[in-house]
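Scroll down for the structure; my scribbles are underneath it.
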Amino acid sequence: MNKLYGLLGHPVRHSMSPLMHNDAFKQLGLDGYYHAFDVPEDKLKESIAALKILNISGFNVTIPHKVTIMKYLDDIDEEAVMIGAVNTVVNIEGRLIGYNTDGRGYLTSLLTKLNKPLGNCNVLVVGAGGAARGVVTAIANEGVALLSIANRTIEKAVEIKKNYLKYREAKLNVLSLEEAERNLALYDVVINTTSIGMSPNVEEVPISIGNIKKTAVLSDLIYNPIQTKFLRLGEEKGLLTHNGLGMFVEQGALAFSMWTQQNPDTDRMTKIVMQQLGGFSC
Ligand code: ATR
């Protein structure tokens, strides 16, 4: 009998997770099936109860449920608690356990691009929303020389900093977007975690990179379009750039490994998502 996996979100019709996971099940000869469930905000509790009765083996969680779901789970992994959001749930003998693979997925992908150890890098994270929380936690847990968070609403960046420091020590500071632009030459890695530049608003950039250093790596969590204007401007300056496709694939691959104890082929996953994106109007 097929084991059931899925995605809970709203909306989910454009999600590439079903394609990516179902192909991996087939490739590895596993009898799994992954379905995207469109779950409105007020139906989350009932949906989880129903999936538990149906003995779902595991699922992903996406917008708008990543925070709300935490109160309906039987246990939550420490990293997900630090981040304050869950994107992956594993059913262990009838108990639903929440994890967050977004930050580690991002980090795994970023590390393939860096030309020096992360521990020697000054890192700037632009944005202080849900995506930033995962990235900040994963990077701070890994250890960096300096980690700065810049956001339009500075209070939200302060909140992320305070929350992290409740759990662990880290060299963390907070900047306005203008301060970040002025001090950009300080950073080895600059990461956009905001939605600025995402399709259809492809002509927008989160910050100006006039002061960035030539050896910096410029990273964007967005993968639709694959190359945002932010990354294009970086490439024109000769910078190393890193898009959000790797994070999407790696967070999915980590979830898949937790569910099945098998590692999927991430190169193949990347190709599948790329093909699908080609069909998108970016
Ligand atoms: P996600 O969960 O995807 O991170 P989010 O929680 O809504 O989404 O966060 C979006 C981020 O993009 C925030 O940092 C937001 O800045 P504010 O905290 O000031 O709202 C940032 N953002 C979105 N649109 C922006 C804009 N036009 N200018 C500056 N920042 C923007």
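Labels for the structure tokens follow display order: chains A, B, ..., residues from 1 in each chain, ligands from 1.
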
What's the 8 Å shell around stretch 236-252 of chain A, counting only C-alpha atoms, without same-chain residues fewer than 5 positions away, as a list in words? Ser17, His21, Thr101, Asp102, Gly103, Arg104, Gly105, Tyr106, Leu107, Thr108, Ser109, Leu110, Lys113, Lys214, Thr215, Ala216, Val217, Leu218, Ser219, Asp220, Leu221, Ile222, Tyr223, Ile226, Gln227, Leu231, Thr266, Met269 and Thr270 of chain A

Go through chain A and flag each residue having an atom no more than 10 Å from ligand 1; for those, report the closest pair of atoms plus their distance in Å to one decimal, using only C-alpha atoms and all ligand atoms, ordered by chain and rising number, as a Markdown table.
| residue | atom | partner | partner_atom_place_in_ligand_line | distance |
| --- | --- | --- | --- | --- |
| A:Thr62 | CA | ligand 1 | 2 (O) | 9.4 |
| A:Ile63 | CA | ligand 1 | 2 (O) | 7.5 |
| A:Pro64 | CA | ligand 1 | 2 (O) | 8.6 |
| A:Lys66 | CA | ligand 1 | 2 (O) | 8.9 |
| A:Val67 | CA | ligand 1 | 2 (O) | 10.0 |
| A:Ala85 | CA | ligand 1 | 2 (O) | 9.8 |
| A:Val125 | CA | ligand 1 | 14 (O) | 9.7 |
| A:Val126 | CA | ligand 1 | 14 (O) | 7.1 |
| A:Gly127 | CA | ligand 1 | 14 (O) | 3.4 |
| A:Ala128 | CA | ligand 1 | 14 (O) | 3.9 |
| A:Gly129 | CA | ligand 1 | 6 (O) | 3.3 |
| A:Gly130 | CA | ligand 1 | 2 (O) | 3.5 |
| A:Ala131 | CA | ligand 1 | 4 (O) | 3.8 |
| A:Ala132 | CA | ligand 1 | 4 (O) | 5.7 |
| A:Arg133 | CA | ligand 1 | 4 (O) | 7.8 |
| A:Gly134 | CA | ligand 1 | 4 (O) | 9.1 |
| A:Val135 | CA | ligand 1 | 4 (O) | 10.0 |
| A:Ile149 | CA | ligand 1 | 14 (O) | 9.6 |
| A:Ala150 | CA | ligand 1 | 14 (O) | 8.3 |
| A:Asn151 | CA | ligand 1 | 14 (O) | 5.6 |
| A:Arg152 | CA | ligand 1 | 19 (O) | 3.9 |
| A:Thr153 | CA | ligand 1 | 19 (O) | 3.7 |
| A:Ile154 | CA | ligand 1 | 19 (O) | 7.1 |
| A:Glu155 | CA | ligand 1 | 18 (O) | 8.1 |
| A:Lys156 | CA | ligand 1 | 18 (O) | 5.9 |
| A:Ala157 | CA | ligand 1 | 18 (O) | 7.8 |
| A:Ser176 | CA | ligand 1 | 19 (O) | 9.9 |
| A:Leu177 | CA | ligand 1 | 29 (C) | 8.2 |
| A:Asn192 | CA | ligand 1 | 12 (O) | 8.8 |
| A:Thr193 | CA | ligand 1 | 4 (O) | 6.2 |
| A:Thr194 | CA | ligand 1 | 12 (O) | 3.5 |
| A:Ser195 | CA | ligand 1 | 12 (O) | 5.2 |
| A:Ile196 | CA | ligand 1 | 24 (N) | 5.7 |
| A:Gly197 | CA | ligand 1 | 24 (N) | 9.3 |
| A:Glu204 | CA | ligand 1 | 27 (N) | 8.5 |
| A:Val205 | CA | ligand 1 | 28 (N) | 8.8 |
| A:Pro206 | CA | ligand 1 | 29 (C) | 6.4 |
| A:Ile207 | CA | ligand 1 | 29 (C) | 8.6 |
| A:Leu221 | CA | ligand 1 | 3 (O) | 9.3 |
| A:Ile222 | CA | ligand 1 | 3 (O) | 9.5 |

Skip stretch 258-264 of chain A itself and residues of its chain fewer than 3 positions away, then list as a PyMOL selection string all residues within 12 Å of it, counting only C-alpha atoms. chain A and resi 3-6+20-34+56-60+88-92+96-101+249-255+267-270

Picked from stretch 160-197 of chain A by DSSP as helix (DSSP H, G or I), as number ranges by chain: A: 160-167, 177-182, 184-186

May I ask for the distance between atom CA of A:Ile209 and atom CA of A:Leu114, given in Å to one decimal place? 18.8 Å

Give me, please, the distance in Å between atom CA of A:Asn211 and atom CA of A:Lys161, quoted to one decimal.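 Atom CA of A:Lys161 lies at a distance of 24.8 Å from atom CA of A:Asn211.
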
Interatomic distance (Å, one decimal) between atom CA of A:Tyr164 and atom CA of A:Leu44: 27.6 Å
